[in-house]
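**Student:** TSV, C-alpha atoms and all ligand atoms, saved as run-v6.tsv, coming up:
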chain	number	residue	atom	x	y	z
G	1016	MET	CA	-120.78	-80.74	-50.68
G	1017	ASP	CA	-118.07	-83.17	-51.71
G	1018	CYS	CA	-117.87	-86.61	-50.20
G	1019	ILE	CA	-114.80	-86.00	-48.01
G	1020	CYS	CA	-116.34	-82.83	-46.58
G	1021	ALA	CA	-119.65	-84.64	-45.90
G	1022	LEU	CA	-117.86	-87.47	-44.10
G	1023	LYS	CA	-115.82	-85.08	-41.98
G	1024	THR	CA	-118.60	-82.68	-41.00
G	1025	ARG	CA	-121.56	-85.03	-40.38
G	1026	ARG	CA	-122.74	-84.97	-36.76
G	1027	SER	CA	-125.81	-86.46	-35.09
G	1028	VAL	CA	-128.67	-83.96	-35.11
G	1029	ARG	CA	-131.56	-84.57	-32.69
G	1030	ALA	CA	-133.54	-81.31	-33.04
G	1031	TYR	CA	-135.48	-80.43	-36.19
G	1032	THR	CA	-137.34	-77.37	-37.51
G	1033	GLY	CA	-140.56	-79.20	-38.40
G	1034	GLU	CA	-140.23	-78.35	-42.11
G	1035	PRO	CA	-141.09	-81.39	-44.26
G	1036	VAL	CA	-138.47	-83.14	-46.38
G	1037	PRO	CA	-139.56	-83.60	-50.02
G	1038	PRO	CA	-140.29	-87.23	-50.98
G	1039	GLU	CA	-137.72	-87.06	-53.82
G	1040	VAL	CA	-134.99	-86.25	-51.29
G	1041	LEU	CA	-136.05	-89.14	-49.04
G	1042	ARG	CA	-136.04	-91.34	-52.12
G	1043	ASP	CA	-132.49	-90.24	-52.91
G	1044	LEU	CA	-131.40	-91.14	-49.35
G	1045	ILE	CA	-132.72	-94.67	-49.85
G	1046	ASP	CA	-130.97	-94.79	-53.24
G	1047	CYS	CA	-127.69	-93.95	-51.45
G	1048	GLY	CA	-128.42	-96.63	-48.83
G	1049	ARG	CA	-129.21	-99.38	-51.28
G	1050	LEU	CA	-125.94	-98.77	-53.16
G	1051	ALA	CA	-123.80	-99.55	-50.08
G	1052	ALA	CA	-121.31	-102.39	-50.10
G	1053	SER	CA	-122.56	-105.69	-48.70
G	1054	ALA	CA	-120.94	-109.06	-48.11
G	1055	VAL	CA	-121.02	-111.08	-51.37
G	1056	ASN	CA	-123.30	-108.32	-52.70
G	1057	ILE	CA	-126.26	-110.00	-50.98
G	1058	GLN	CA	-128.02	-106.64	-50.34
G	1059	PRO	CA	-130.19	-108.02	-47.51
G	1060	TRP	CA	-131.82	-104.64	-46.80
G	1061	GLU	CA	-135.33	-103.24	-46.93
G	1062	PHE	CA	-136.09	-99.63	-46.02
G	1063	VAL	CA	-139.33	-98.30	-44.54
G	1064	VAL	CA	-139.73	-94.52	-44.75
G	1065	VAL	CA	-142.13	-93.27	-42.09
G	1066	THR	CA	-143.41	-89.67	-42.33
G	1067	GLU	CA	-146.90	-89.98	-40.82
G	1068	PRO	CA	-146.81	-88.03	-37.50
G	1069	ARG	CA	-148.79	-90.63	-35.53
G	1070	MET	CA	-146.46	-93.43	-36.59
G	1071	LEU	CA	-143.40	-91.26	-35.87
G	1072	SER	CA	-144.72	-90.72	-32.33
G	1073	ALA	CA	-145.47	-94.43	-31.87
G	1074	ILE	CA	-141.93	-95.37	-32.96
G	1075	ALA	CA	-140.46	-92.67	-30.71
G	1076	ASP	CA	-142.50	-93.95	-27.74
G	1077	ALA	CA	-141.28	-97.51	-28.28
G	1078	THR	CA	-137.61	-96.49	-28.02
G	1079	ASP	CA	-135.58	-95.60	-24.95
G	1080	TYR	CA	-133.15	-93.06	-26.45
G	1081	GLY	CA	-135.06	-92.02	-29.57
G	1082	LYS	CA	-137.91	-89.85	-28.25
G	1083	PHE	CA	-136.86	-87.04	-30.64
G	1084	ILE	CA	-138.03	-89.21	-33.59
G	1085	ALA	CA	-141.50	-87.74	-32.89
G	1086	GLN	CA	-140.22	-84.31	-34.04
G	1087	ALA	CA	-138.38	-85.59	-37.13
G	1088	ALA	CA	-139.70	-85.12	-40.66
G	1089	ALA	CA	-139.05	-88.79	-41.31
G	1090	CYS	CA	-137.76	-91.95	-39.74
G	1091	ILE	CA	-135.99	-94.34	-42.07
G	1092	VAL	CA	-136.14	-97.85	-40.67
G	1093	VAL	CA	-133.35	-100.09	-41.95
G	1094	LEU	CA	-134.32	-103.77	-41.88
G	1095	CYS	CA	-132.33	-106.76	-43.13
G	1096	ARG	CA	-132.96	-110.39	-43.92
G	1097	ASP	CA	-131.17	-112.51	-41.32
G	1098	THR	CA	-128.03	-113.28	-43.35
G	1099	LYS	CA	-124.55	-113.97	-41.94
G	1100	TYR	CA	-123.40	-110.34	-42.25
G	1101	TYR	CA	-126.78	-108.62	-41.96
G	1102	LEU	CA	-125.55	-106.29	-39.23
G	1103	GLU	CA	-122.44	-105.10	-41.07
G	1104	ASP	CA	-124.46	-104.71	-44.28
G	1105	GLY	CA	-127.32	-102.86	-42.61
G	1106	CYS	CA	-124.93	-100.57	-40.73
G	1107	ASN	CA	-123.15	-99.76	-43.97
G	1108	ALA	CA	-126.43	-98.74	-45.62
G	1109	SER	CA	-127.40	-96.74	-42.51
G	1110	GLU	CA	-124.19	-94.71	-42.54
G	1111	ASN	CA	-124.57	-94.03	-46.28
G	1112	ILE	CA	-128.03	-92.63	-45.58
G	1113	LEU	CA	-126.86	-90.38	-42.74
G	1114	VAL	CA	-123.96	-88.99	-44.77
G	1115	ALA	CA	-126.24	-88.46	-47.78
G	1116	ALA	CA	-128.78	-86.65	-45.54
G	1117	HIS	CA	-126.02	-84.33	-44.35
G	1118	ALA	CA	-124.90	-83.70	-47.95
G	1119	HIS	CA	-128.53	-82.72	-48.73
G	1120	GLY	CA	-128.36	-80.13	-45.92
G	1121	LEU	CA	-130.46	-82.27	-43.57
G	1122	GLY	CA	-129.75	-83.48	-40.06
G	1123	GLY	CA	-130.01	-87.07	-38.96
G	1124	CYS	CA	-129.39	-89.36	-36.04
G	1125	TRP	CA	-128.99	-93.13	-35.74
G	1126	ILE	CA	-131.14	-94.74	-33.06
G	1127	ALA	CA	-130.12	-98.25	-32.09
G	1128	GLY	CA	-132.38	-101.02	-33.34
G	1129	ASP	CA	-130.55	-104.32	-33.41
G	1130	LYS	CA	-130.54	-106.13	-30.02
G	1131	LYS	CA	-132.93	-103.58	-28.48
G	1132	PRO	CA	-136.25	-104.84	-27.04
G	1133	HIS	CA	-138.06	-102.24	-29.21
G	1134	SER	CA	-136.73	-103.80	-32.43
G	1135	GLU	CA	-139.38	-106.54	-32.39
G	1136	THR	CA	-142.14	-104.12	-31.34
G	1137	ILE	CA	-141.33	-101.74	-34.20
G	1138	ARG	CA	-140.90	-104.56	-36.73
G	1139	ARG	CA	-144.44	-105.69	-35.91
G	1140	MET	CA	-145.82	-102.12	-35.97
G	1141	LEU	CA	-144.46	-101.74	-39.51
G	1142	GLY	CA	-145.84	-105.07	-40.69
G	1143	ALA	CA	-142.40	-106.43	-41.54
G	1144	PRO	CA	-142.23	-110.23	-41.74
G	1145	GLU	CA	-141.06	-112.30	-38.77
G	1146	GLY	CA	-137.35	-113.10	-38.85
G	1147	ILE	CA	-136.37	-109.86	-40.53
G	1148	ARG	CA	-133.92	-107.87	-38.36
G	1149	LEU	CA	-134.32	-104.20	-37.49
G	1150	VAL	CA	-130.81	-102.73	-37.79
G	1151	SER	CA	-131.37	-99.02	-37.21
G	1152	LEU	CA	-133.84	-96.18	-36.98
G	1153	LEU	CA	-132.64	-93.01	-38.71
G	1154	ALA	CA	-134.36	-89.79	-37.69
G	1155	ILE	CA	-134.14	-87.24	-40.51
G	1156	GLY	CA	-135.16	-83.57	-40.64
G	1157	HIS	CA	-134.08	-80.01	-41.26
G	1158	PRO	CA	-131.56	-79.28	-38.51
G	1159	ALA	CA	-132.48	-76.98	-35.63
G	1160	GLU	CA	-129.09	-77.44	-33.96
G	1161	ALA	CA	-125.45	-77.72	-35.04
G	1162	PRO	CA	-123.85	-79.95	-32.44
G	1163	GLU	CA	-120.11	-80.26	-31.91
G	1164	LYS	CA	-118.64	-83.56	-30.84
G	1165	GLU	CA	-115.30	-84.41	-29.24
G	1166	LYS	CA	-113.50	-86.87	-31.53
G	1167	ARG	CA	-110.37	-88.87	-30.83
G	1168	PRO	CA	-107.45	-87.21	-32.64
G	1169	LEU	CA	-106.08	-88.83	-35.78
G	1170	LYS	CA	-102.65	-89.26	-34.20
G	1171	ASP	CA	-104.20	-91.39	-31.39
G	1172	VAL	CA	-106.07	-93.77	-33.65
G	1173	LEU	CA	-103.78	-94.10	-36.67
G	1174	HIS	CA	-101.14	-96.84	-36.55
G	1175	TRP	CA	-98.82	-97.28	-39.51
G	1176	GLU	CA	-97.80	-100.84	-40.30
G	1177	LYS	CA	-98.24	-102.21	-36.71
G	1178	PHE	CA	-100.59	-101.47	-33.82
G	1201	LIG	C1	-125.05	-98.16	-33.44
G	1201	LIG	C2	-125.43	-96.78	-32.97
G	1201	LIG	C3	-126.48	-96.62	-32.10
G	1201	LIG	C4	-126.87	-95.35	-31.67
G	1201	LIG	N1	-127.97	-95.21	-30.87
G	1201	LIG	C5	-128.39	-93.98	-30.51
G	1201	LIG	C6	-129.60	-93.83	-29.77
G	1201	LIG	O1	-130.30	-94.80	-29.46
G	1201	LIG	N2	-129.98	-92.57	-29.45
G	1201	LIG	C7	-129.24	-91.46	-29.79
G	1201	LIG	O2	-129.64	-90.34	-29.45
G	1201	LIG	N3	-128.09	-91.58	-30.51
G	1201	LIG	C8	-127.65	-92.81	-30.88
G	1201	LIG	N4	-126.53	-92.93	-31.66
G	1201	LIG	C9	-125.78	-91.74	-32.07
G	1201	LIG	C10	-124.47	-91.64	-31.27
G	1201	LIG	O3	-124.76	-91.22	-29.96
G	1201	LIG	C11	-123.53	-90.65	-31.98
G	1201	LIG	O4	-123.21	-91.14	-33.26
G	1201	LIG	C12	-122.23	-90.44	-31.17
G	1201	LIG	O5	-122.48	-89.76	-29.96
G	1201	LIG	C13	-121.19	-89.65	-31.97
G	1201	LIG	O6	-121.71	-88.40	-32.34
G	1201	LIG	P1	-121.78	-87.94	-33.88
G	1201	LIG	O7	-122.73	-88.87	-34.58
G	1201	LIG	O8	-122.28	-86.53	-33.83
G	1201	LIG	O9	-120.40	-88.05	-34.46
G	1201	LIG	C14	-126.14	-94.20	-32.11
G	1201	LIG	C15	-125.09	-94.36	-33.02
G	1201	LIG	C16	-124.74	-95.63	-33.46
G	1201	LIG	C17	-123.62	-95.78	-34.47
Could you quickly redo this structure as structure tokens?

**Tutor:**
Amino acid sequence: MDCICALKTRRSVRAYTGEPVPPEVLRDLIDCGRLAASAVNIQPWEFVVVTEPRMLSAIADATDYGKFIAQAAACIVVLCRDTKYYLEDGCNASENILVAAHAHGLGGCWIAGDKKPHSETIRRMLGAPEGIRLVSLLAIGHPAEAPEKEKRPLKDVLHWEKF
């Protein structure tokens, strides 16, 4: 799948077949995440790949809108050192990972981390140091659904030269 096609066809997938995702594919997703742009190339990110079913369930239970993480093959937790642009940087890496997952034929969904009460709980569960920020939880698995999503048309959002 080429990059433009992957960007245009990625959708959030919240139902998974249960088939495992090979570690080398998960590794490649992190490789795509760590190559994202970051402010002054500070690369504040750390990635925790969770595949152990009990930990997936514990993470799912801690969230409000991420219960489907329990059925995912993996949950990639994107954490960042608390730098000035940690949120932009961590979000950039997160989107890279989701698009790369789609290009690998996988489904994924972003579950909010930053500013959520569960971000501290999950940081501690994973043994990440205090002060590190949890930016996102990315559920990854083989898709068991192909959701459609209403998107604002290009003509409504594109402004040439002035707003
Ligand atoms: C910052 C952010 C937080 C999100 N949090 C959740 C969440 O907690 N649970 C969930 O099911 N989806 C979450 N999503 C996924 C959005 O609901 C989804 O991206 C949106 O509905 C657009 O659909 P699409 O991803 O298929 O284009 C989040 C997405 C972003 C970017």

**Student:** Which chains and residue numbers are within 12 Å of ligand LIG 1201 (chain G), counting only C-alpha atoms and all ligand atoms, if I want them as number ranges by chain?

**Tutor:** G: 1021-1030, 1075, 1077-1084, 1102-1103, 1105-1111, 1113-1114, 1117, 1122-1134, 1149-1154, 1160-1167

**Student:** Calculated over all atoms listed in the file, which of the candidates G:Asp1076, G:Asp1104, G:Asp1171, G:Glu1067 has the smallest distance to Cys1090 of chain G?

**Tutor:** G:Glu1067

**Student:** Suppose you want the space between atom CA of Ile1057 of chain G and atom CA of Leu1121 of chain G; what is it in Å?

**Tutor:**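 That distance, rounded to one decimal, is 29.0 Å.
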
**Student:** Would you list the residues near (-135.5, -85.0, -39.2) (no more than 7 Å away, in the coordinates of the file, using only C-alpha atoms) as a ChimeraX atom specification?

**Tutor:** /G:1031,1087-1089,1122-1123,1154-1158

**Student:** Store the residues of this selection in a file with C-alpha atoms, as a compact mmCIF listing (two decimals), in the frame of the given file.

**Tutor:**
# COMPACT_ATOMS: atom_id res chain seq x y z
CA TYR G 1031 -135.48 -80.43 -36.19
CA ALA G 1087 -138.38 -85.59 -37.13
CA ALA G 1088 -139.70 -85.12 -40.66
CA ALA G 1089 -139.05 -88.79 -41.31
CA GLY G 1122 -129.75 -83.48 -40.06
CA GLY G 1123 -130.01 -87.07 -38.96
CA ALA G 1154 -134.36 -89.79 -37.69
CA ILE G 1155 -134.14 -87.24 -40.51
CA GLY G 1156 -135.16 -83.57 -40.64
CA HIS G 1157 -134.08 -80.01 -41.26
CA PRO G 1158 -131.56 -79.28 -38.51

**Student:** Could you state the separation of atom CA of Ile1147 of chain G and atom CA of Ala1115 of chain G in Å, given to one decimal place?

**Tutor:** 24.8 Å

**Student:** Restricting the calculation to all atoms listed in the file, which member of G:Ala1143, G:Ala1159, G:Ala1054, G:Leu1173 is positioned closest to Lys1099 of chain G?

**Tutor:**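 The closest residue to Lys1099 of chain G is G:Ala1054.
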
**Student:** Report the distance between atom CA of Glu1034 of chain G and atom CA of Glu1061 of chain G in Å, rounded to one decimal place.

**Tutor:**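 Calculated distance between atom CA of Glu1034 of chain G and atom CA of Glu1061 of chain G is 25.8 Å.
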
**Student:** Ranking G:Leu1094, G:Leu1169, G:Gly1120, G:Tyr1101 by minimum distance to Val1055 of chain G and counting only C-alpha atoms, which one comes first?

**Tutor:**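 Closest to Val1055 of chain G, using only C-alpha atoms: G:Tyr1101.
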